[in-house]
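Source file: my_file-v9.txt (compact mmCIF, C-alpha atoms)
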```txt
# COMPACT_ATOMS: atom_id res chain seq x y z
CA GLY B 14 -133.84 -45.91 -17.32
CA ASP B 15 -136.93 -48.09 -17.40
CA SER B 16 -136.45 -51.83 -17.05
CA VAL B 17 -138.13 -55.10 -16.20
CA THR B 18 -136.66 -57.92 -14.10
CA GLN B 19 -138.27 -61.32 -14.01
CA MET B 20 -137.34 -64.52 -12.25
CA GLU B 21 -134.97 -66.79 -14.05
CA GLY B 22 -136.02 -70.20 -15.15
CA PRO B 23 -136.41 -72.80 -16.12
CA VAL B 24 -139.40 -73.65 -13.97
CA THR B 25 -140.75 -77.20 -13.92
CA LEU B 26 -144.08 -77.98 -12.29
CA SER B 27 -146.42 -80.92 -12.09
CA GLU B 28 -149.86 -80.60 -13.62
CA GLU B 29 -152.36 -78.80 -11.31
CA ALA B 30 -149.59 -77.11 -9.32
CA PHE B 31 -149.72 -73.42 -8.44
CA LEU B 32 -147.60 -71.11 -10.57
CA THR B 33 -145.96 -67.81 -9.69
CA ILE B 34 -143.51 -66.02 -11.97
CA ASN B 35 -142.13 -62.89 -10.37
CA CYS B 36 -141.73 -59.64 -12.25
CA THR B 37 -140.58 -56.28 -10.92
CA TYR B 38 -140.08 -53.08 -12.81
CA THR B 39 -138.29 -49.75 -12.69
CA ALA B 40 -139.96 -46.84 -14.43
CA THR B 41 -140.49 -43.12 -14.32
CA GLY B 42 -144.06 -42.05 -14.69
CA TYR B 43 -146.88 -44.54 -14.96
CA PRO B 44 -146.09 -47.42 -17.27
CA SER B 45 -148.41 -50.10 -18.59
CA LEU B 46 -147.49 -53.68 -17.79
CA PHE B 47 -147.92 -56.82 -19.84
CA TRP B 48 -147.36 -60.55 -19.80
CA TYR B 49 -146.65 -62.24 -23.09
CA VAL B 50 -146.49 -65.98 -23.75
CA GLN B 51 -144.42 -67.73 -26.41
CA TYR B 52 -145.39 -71.31 -27.22
CA PRO B 53 -142.74 -73.51 -28.84
CA GLY B 54 -142.01 -72.49 -32.41
CA GLU B 55 -144.34 -69.49 -32.32
CA GLY B 56 -144.21 -65.73 -31.88
CA LEU B 57 -145.15 -63.90 -28.71
CA GLN B 58 -148.82 -63.46 -27.85
CA LEU B 59 -150.29 -61.04 -25.37
CA LEU B 60 -151.52 -62.97 -22.34
CA LEU B 61 -152.77 -60.12 -20.16
CA LYS B 62 -152.13 -56.48 -19.35
CA ALA B 63 -152.75 -53.76 -16.76
CA THR B 64 -152.59 -50.06 -17.45
CA LYS B 65 -152.75 -48.50 -13.98
CA ALA B 66 -151.99 -49.25 -10.37
CA ASP B 67 -154.17 -51.89 -8.69
CA ASP B 68 -155.52 -53.11 -12.04
CA LYS B 69 -155.71 -56.87 -12.36
CA GLY B 70 -155.18 -58.43 -15.75
CA SER B 71 -156.54 -61.93 -16.32
CA ASN B 72 -156.81 -64.42 -19.15
CA LYS B 73 -156.94 -68.22 -19.52
CA GLY B 74 -156.79 -68.66 -15.74
CA PHE B 75 -153.69 -66.47 -15.40
CA GLU B 76 -153.75 -63.31 -13.30
CA ALA B 77 -151.39 -60.47 -12.49
CA THR B 78 -151.96 -57.36 -10.36
CA TYR B 79 -150.20 -54.05 -10.98
CA ARG B 80 -148.70 -53.16 -7.59
CA LYS B 81 -147.17 -49.70 -7.57
CA GLU B 82 -146.05 -49.89 -3.94
CA THR B 83 -143.87 -52.93 -4.63
CA THR B 84 -143.30 -52.14 -8.35
CA SER B 85 -144.37 -55.66 -9.19
CA PHE B 86 -146.57 -57.52 -11.67
CA HIS B 87 -146.28 -61.18 -10.69
CA LEU B 88 -147.98 -63.78 -12.88
CA GLU B 89 -150.05 -66.46 -11.14
CA LYS B 90 -152.18 -69.43 -12.06
CA GLY B 91 -153.89 -71.69 -9.60
CA SER B 92 -153.64 -74.95 -11.53
CA VAL B 93 -151.27 -75.30 -14.47
CA GLN B 94 -151.79 -77.67 -17.37
CA VAL B 95 -149.32 -79.34 -19.72
CA SER B 96 -150.53 -76.97 -22.44
CA ASP B 97 -149.22 -74.00 -20.39
CA SER B 98 -145.65 -75.07 -21.13
CA ALA B 99 -144.12 -72.04 -22.81
CA VAL B 100 -141.81 -69.07 -22.24
CA TYR B 101 -143.39 -66.16 -20.38
CA PHE B 102 -142.21 -62.57 -20.79
CA CYS B 103 -143.00 -59.64 -18.55
CA ALA B 104 -142.99 -56.30 -20.38
CA LEU B 105 -143.39 -52.61 -19.74
CA SER B 106 -144.60 -49.82 -21.97
CA SER B 107 -143.16 -46.50 -20.92
CA ASN B 108 -145.42 -43.49 -21.18
CA THR B 109 -142.51 -41.06 -20.93
CA GLY B 110 -140.83 -42.20 -24.10
CA ASN B 111 -141.29 -44.39 -27.08
CA GLN B 112 -140.04 -47.64 -25.66
CA PHE B 113 -141.23 -51.12 -24.84
CA TYR B 114 -139.09 -53.18 -22.45
CA PHE B 115 -139.14 -56.97 -22.19
CA GLY B 116 -137.85 -59.14 -19.37
CA THR B 117 -135.49 -62.00 -20.10
CA GLY B 118 -138.26 -64.60 -20.26
CA THR B 119 -139.04 -67.53 -17.95
CA SER B 120 -139.36 -70.99 -19.42
CA LEU B 121 -142.12 -73.10 -17.87
CA THR B 122 -142.47 -76.84 -18.34
CA VAL B 123 -145.50 -78.62 -16.92
CA ILE B 124 -145.21 -82.39 -16.58
CA PRO B 125 -148.18 -84.76 -16.37
CA ASP E 10 -156.60 -63.54 -41.22
CA THR E 11 -152.95 -63.23 -40.34
CA ALA E 12 -152.32 -59.98 -38.45
CA VAL E 13 -148.51 -59.82 -38.70
CA SER E 14 -146.85 -62.05 -41.26
CA GLN E 15 -143.21 -62.68 -42.01
CA THR E 16 -141.45 -64.44 -44.85
CA PRO E 17 -139.60 -66.68 -44.98
CA LYS E 18 -140.22 -68.75 -41.86
CA TYR E 19 -136.84 -70.47 -42.18
CA LEU E 20 -133.71 -69.12 -43.83
CA VAL E 21 -130.48 -71.10 -44.12
CA THR E 22 -127.56 -69.42 -45.81
CA GLN E 23 -123.79 -69.26 -46.01
CA MET E 24 -121.57 -66.72 -44.26
CA GLY E 25 -120.99 -63.63 -46.33
CA ASN E 26 -124.30 -63.76 -48.17
CA ASP E 27 -126.91 -60.99 -48.23
CA LYS E 28 -130.51 -61.82 -47.30
CA SER E 29 -133.83 -60.10 -46.65
CA ILE E 30 -136.75 -60.84 -44.38
CA LYS E 31 -140.14 -59.34 -45.17
CA CYS E 32 -142.85 -58.27 -42.76
CA GLU E 33 -146.39 -57.10 -43.33
CA GLN E 34 -149.17 -56.15 -40.94
CA ASN E 35 -152.84 -55.76 -41.80
CA LEU E 36 -153.87 -54.21 -38.47
CA GLY E 37 -153.60 -50.60 -39.62
CA HIS E 38 -150.94 -49.93 -37.00
CA ASP E 39 -148.63 -46.92 -37.15
CA THR E 40 -145.52 -48.50 -35.70
CA MET E 41 -143.49 -51.59 -36.59
CA TYR E 42 -140.50 -53.23 -34.96
CA TRP E 43 -137.76 -55.77 -35.52
CA TYR E 44 -136.53 -57.92 -32.65
CA LYS E 45 -133.76 -60.51 -32.44
CA GLN E 46 -134.23 -63.51 -30.14
CA ASP E 47 -131.16 -65.53 -29.26
CA SER E 48 -130.92 -69.17 -28.29
CA LYS E 49 -131.60 -68.32 -24.63
CA LYS E 50 -134.88 -66.64 -25.65
CA PHE E 51 -133.56 -63.17 -24.81
CA LEU E 52 -135.45 -60.60 -26.88
CA LYS E 53 -133.57 -57.54 -28.12
CA ILE E 54 -135.18 -54.69 -30.02
CA MET E 55 -133.29 -53.70 -33.15
CA PHE E 56 -135.39 -51.08 -34.92
CA SER E 57 -138.69 -49.29 -34.71
CA TYR E 58 -140.48 -47.36 -37.43
CA ASN E 59 -143.43 -45.03 -36.98
CA ASN E 60 -145.28 -44.08 -40.17
CA LYS E 61 -142.26 -45.09 -42.27
CA GLU E 62 -139.83 -43.05 -40.14
CA LEU E 63 -137.08 -44.60 -38.04
CA ILE E 64 -137.64 -43.85 -34.35
CA ILE E 65 -135.57 -46.48 -32.55
CA ASN E 66 -132.24 -47.71 -33.80
CA GLU E 67 -130.48 -49.71 -31.13
CA THR E 68 -126.84 -50.64 -31.30
CA VAL E 69 -126.96 -52.93 -34.27
CA PRO E 70 -124.21 -53.49 -36.86
CA ASN E 71 -124.74 -51.36 -39.93
CA ARG E 72 -124.91 -54.59 -41.93
CA PHE E 73 -128.56 -54.57 -40.83
CA SER E 74 -130.71 -52.11 -42.74
CA PRO E 75 -134.48 -51.80 -42.28
CA LYS E 76 -136.67 -50.50 -45.06
CA SER E 77 -140.26 -49.37 -44.75
CA PRO E 78 -141.91 -48.76 -48.13
CA ASP E 79 -145.21 -47.97 -46.41
CA LYS E 80 -146.56 -48.18 -42.90
CA ALA E 81 -147.85 -51.73 -43.42
CA HIS E 82 -144.43 -53.12 -44.35
CA LEU E 83 -141.06 -53.24 -42.64
CA ASN E 84 -138.38 -55.34 -44.27
CA LEU E 85 -134.99 -56.24 -42.86
CA HIS E 86 -131.98 -56.57 -45.12
CA ILE E 87 -128.77 -58.11 -43.80
CA ASN E 88 -125.46 -57.80 -45.62
CA SER E 89 -122.40 -60.01 -45.23
CA LEU E 90 -124.05 -62.47 -42.89
CA GLU E 91 -122.00 -63.75 -39.94
CA LEU E 92 -122.34 -66.84 -37.76
CA GLY E 93 -123.47 -64.66 -34.85
CA ASP E 94 -126.47 -63.46 -36.85
CA SER E 95 -128.08 -66.87 -36.41
CA ALA E 96 -131.21 -66.27 -34.35
CA VAL E 97 -134.97 -65.93 -34.63
CA TYR E 98 -136.07 -62.53 -35.91
CA PHE E 99 -139.50 -61.24 -34.98
CA CYS E 100 -141.46 -58.45 -36.55
CA ALA E 101 -144.10 -56.70 -34.45
CA SER E 102 -146.52 -53.81 -34.74
CA SER E 103 -148.46 -51.53 -32.43
CA GLN E 104 -150.71 -48.53 -32.68
CA HIS E 105 -149.32 -45.02 -32.00
CA GLY E 106 -145.91 -46.24 -30.87
CA ALA E 107 -144.77 -48.01 -27.74
CA GLY E 108 -145.11 -45.02 -25.45
CA GLY E 109 -148.36 -45.32 -23.57
CA TYR E 110 -150.57 -48.36 -23.32
CA ASN E 111 -150.41 -50.10 -26.64
CA GLU E 112 -149.51 -53.74 -26.78
CA GLN E 113 -147.41 -55.14 -29.57
CA PHE E 114 -148.56 -57.85 -31.97
CA PHE E 115 -145.89 -60.26 -33.10
CA GLY E 116 -145.29 -62.20 -36.28
CA PRO E 117 -144.45 -65.92 -36.20
CA GLY E 118 -140.71 -65.33 -36.52
CA THR E 119 -138.00 -66.12 -39.06
CA ARG E 120 -135.37 -68.60 -37.98
CA LEU E 121 -132.09 -67.58 -39.61
CA THR E 122 -129.23 -70.06 -39.66
CA VAL E 123 -125.87 -68.94 -40.96
CA LEU E 124 -123.48 -71.76 -41.84
```

Kindly return the structure encoded in the file as structure tokens.
Amino acid sequence: GDSVTQMEGPVTLSEEAFLTINCTYTATGYPSLFWYVQYPGEGLQLLLKATKADDKGSNKGFEATYRKETTSFHLEKGSVQVSDSAVYFCALSSNTGNQFYFGTGTSLTVIP
Amino acid sequence: DTAVSQTPKYLVTQMGNDKSIKCEQNLGHDTMYWYKQDSKKFLKIMFSYNNKELIINETVPNRFSPKSPDKAHLNLHINSLELGDSAVYFCASSQHGAGGYNEQFFGPGTRLTVL
């Protein structure tokens, strides 16, 4: 069945460091891919998405490219800030069924 | 304007009690969901309703019963609460179901603590 695997955390970075959070997926058909962010004490918010191969989603300095050949959707940011500290979830929307699959979440802490 | 709202935000109760969590969305979406998030932040889907009809019902104890009076509301009733039910419960909604390209919008969560 469809699934999403993302790198385990927690991840701790210094301010202005480069961030990569890996996400790979397994799916039949052509899924849509998403990154959600959950700030402390809040619900999940959509960070960015990509609906077809080679699409790049971007928002707030974060980027992720839908790579069909490697079945990946890695999240990157060139220079993280303390305010980026949150839990990040990779997710997949299957277009062959009625399901939405979340990864296990990666906790990021950015220290000044 | 709050898109997806849940009440209450915090719920503390004794084992064995019955409680309800309410969810409302004003986005005009067709589909609503309940998720459970454990202490390790793992998110597990519990139920999904499309136009008031149950479409996803994952392996969840039958003490949990969702009710959708209309497509803007999806409430969660829990009978005979157990310690293991302690978690954060999130309501979410999306348009035309999860199949396809439609992102989900989440409520702020309800932190349930069973003593």

Restrict the calculation to all atoms listed in the file, then for each residue of chain B with any atom at most 6 Å from an atom of chain E give the closest atom pair and their distance in Å to one decimal, rows by chain and rising residue number, as a tab-separated table.
```
residue	atom	partner	partner_atom	distance
B:Ser45	CA	E:Tyr110	CA	5.5
B:Glu55	CA	E:Pro117	CA	5.3
B:Gly56	CA	E:Pro117	CA	4.3
B:Leu57	CA	E:Phe115	CA	5.8
B:Ser106	CA	E:Gly108	CA	6.0
B:Ser107	CA	E:Gly108	CA	5.1
B:Asn108	CA	E:Gly109	CA	4.2
B:Gly110	CA	E:Gly108	CA	5.3
B:Asn111	CA	E:Gly108	CA	4.2
B:Gln112	CA	E:Ala107	CA	5.2
B:Phe113	CA	E:Ala107	CA	5.5
B:Thr117	CA	E:Phe51	CA	5.2
```

_Of the listed residues B:Asn35, B:Pro125, B:Gln51, B:Ala30, that which approaches Gln46 in chain E most closely, counting only C-alpha atoms_ =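 Among the listed residues, the smallest separation from Gln46 in chain E belongs to B:Gln51.
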
*asked:* Please report the interatomic distance between CA of Phe86 in chain B and CA of Pro23 in chain B in Å with one decimal.
replied: 18.9 Å

*Using CA of Thr39 in chain B and CA of Thr84 in chain B as the two end points, give the distance in Å to one decimal.*
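Computing it gives 7.0 Å between the two atoms.
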
Using all atoms listed in the file, determine which residues lie at most 10 Å from range 61-63 of chain B, disregarding the query and same-chain residues fewer than 6 positions distant; provide the list as a compact mmCIF listing (two decimals) with C-alpha atoms, in the coordinates of the input.
```
# COMPACT_ATOMS: atom_id res chain seq x y z
CA PRO B 44 -146.09 -47.42 -17.27
CA SER B 45 -148.41 -50.10 -18.59
CA LEU B 46 -147.49 -53.68 -17.79
CA PHE B 47 -147.92 -56.82 -19.84
CA TRP B 48 -147.36 -60.55 -19.80
CA TYR B 49 -146.65 -62.24 -23.09
CA VAL B 50 -146.49 -65.98 -23.75
CA LYS B 69 -155.71 -56.87 -12.36
CA GLY B 70 -155.18 -58.43 -15.75
CA SER B 71 -156.54 -61.93 -16.32
CA ASN B 72 -156.81 -64.42 -19.15
CA LYS B 73 -156.94 -68.22 -19.52
CA PHE B 75 -153.69 -66.47 -15.40
CA GLU B 76 -153.75 -63.31 -13.30
CA ALA B 77 -151.39 -60.47 -12.49
CA THR B 78 -151.96 -57.36 -10.36
CA TYR B 79 -150.20 -54.05 -10.98
CA PHE B 86 -146.57 -57.52 -11.67
CA LEU B 88 -147.98 -63.78 -12.88
CA CYS B 103 -143.00 -59.64 -18.55
CA ALA B 104 -142.99 -56.30 -20.38
CA LEU B 105 -143.39 -52.61 -19.74
CA TYR E 110 -150.57 -48.36 -23.32
CA ASN E 111 -150.41 -50.10 -26.64
CA GLU E 112 -149.51 -53.74 -26.78
```

Taking the block above, write range 40-95 of chain B with C-alpha atoms as an mmCIF file, in the first residue's frame.
```
data_model
loop_
_atom_site.group_PDB
_atom_site.id
_atom_site.type_symbol
_atom_site.label_atom_id
_atom_site.label_comp_id
_atom_site.auth_asym_id
_atom_site.auth_seq_id
_atom_site.Cartn_x
_atom_site.Cartn_y
_atom_site.Cartn_z
ATOM 1 C CA ALA B 40 2.622 4.819 -4.072
ATOM 2 C CA THR B 41 0.727 3.406 -6.993
ATOM 3 C CA GLY B 42 -0.348 5.955 -9.532
ATOM 4 C CA TYR B 43 0.588 9.595 -9.230
ATOM 5 C CA PRO B 44 0.195 10.937 -5.720
ATOM 6 C CA SER B 45 0.367 14.518 -4.530
ATOM 7 C CA LEU B 46 2.980 15.303 -1.911
ATOM 8 C CA PHE B 47 2.881 17.726 0.984
ATOM 9 C CA TRP B 48 4.908 19.082 3.858
ATOM 10 C CA TYR B 49 3.051 20.160 6.954
ATOM 11 C CA VAL B 50 4.474 22.028 9.942
ATOM 12 C CA GLN B 51 3.253 21.837 13.531
ATOM 13 C CA TYR B 52 4.410 24.610 15.853
ATOM 14 C CA PRO B 53 4.332 23.891 19.598
ATOM 15 C CA GLY B 54 0.802 23.691 20.947
ATOM 16 C CA GLU B 55 -0.825 24.133 17.546
ATOM 17 C CA GLY B 56 -2.430 22.070 14.803
ATOM 18 C CA LEU B 57 -0.756 21.144 11.542
ATOM 19 C CA GLN B 58 -0.446 23.774 8.819
ATOM 20 C CA LEU B 59 0.299 23.176 5.177
ATOM 21 C CA LEU B 60 3.820 24.377 4.427
ATOM 22 C CA LEU B 61 4.097 23.469 0.746
ATOM 23 C CA LYS B 62 2.896 20.944 -1.803
ATOM 24 C CA ALA B 63 3.617 19.471 -5.232
ATOM 25 C CA THR B 64 1.089 17.692 -7.387
ATOM 26 C CA LYS B 65 3.201 16.180 -10.170
ATOM 27 C CA ALA B 66 6.700 14.997 -10.919
ATOM 28 C CA ASP B 67 9.405 17.688 -11.067
ATOM 29 C CA ASP B 68 7.134 20.255 -9.404
ATOM 30 C CA LYS B 69 8.836 22.342 -6.750
ATOM 31 C CA GLY B 70 6.819 23.531 -3.798
ATOM 32 C CA SER B 71 8.103 26.524 -1.856
ATOM 33 C CA ASN B 72 7.010 28.693 1.041
ATOM 34 C CA LYS B 73 8.699 30.760 3.775
ATOM 35 C CA GLY B 74 12.138 29.893 2.391
ATOM 36 C CA PHE B 75 11.434 26.152 2.430
ATOM 37 C CA GLU B 76 11.543 24.119 -0.771
ATOM 38 C CA ALA B 77 10.855 20.545 -1.825
ATOM 39 C CA THR B 78 10.986 18.954 -5.286
ATOM 40 C CA TYR B 79 8.807 16.018 -6.313
ATOM 41 C CA ARG B 80 11.291 13.476 -7.685
ATOM 42 C CA LYS B 81 9.568 10.496 -9.253
ATOM 43 C CA GLU B 82 12.801 8.727 -10.201
ATOM 44 C CA THR B 83 13.932 8.576 -6.568
ATOM 45 C CA THR B 84 10.395 8.663 -5.065
ATOM 46 C CA SER B 85 11.484 11.501 -2.827
ATOM 47 C CA PHE B 86 10.247 14.872 -1.601
ATOM 48 C CA HIS B 87 13.023 16.175 0.649
ATOM 49 C CA LEU B 88 12.456 19.424 2.531
ATOM 50 C CA GLU B 89 15.231 22.022 2.440
ATOM 51 C CA LYS B 90 15.904 25.492 3.759
ATOM 52 C CA GLY B 91 19.098 27.405 3.234
ATOM 53 C CA SER B 92 19.200 29.285 6.533
ATOM 54 C CA VAL B 93 17.005 28.232 9.443
ATOM 55 C CA GLN B 94 15.770 30.560 12.154
ATOM 56 C CA VAL B 95 14.792 29.922 15.760
#
```
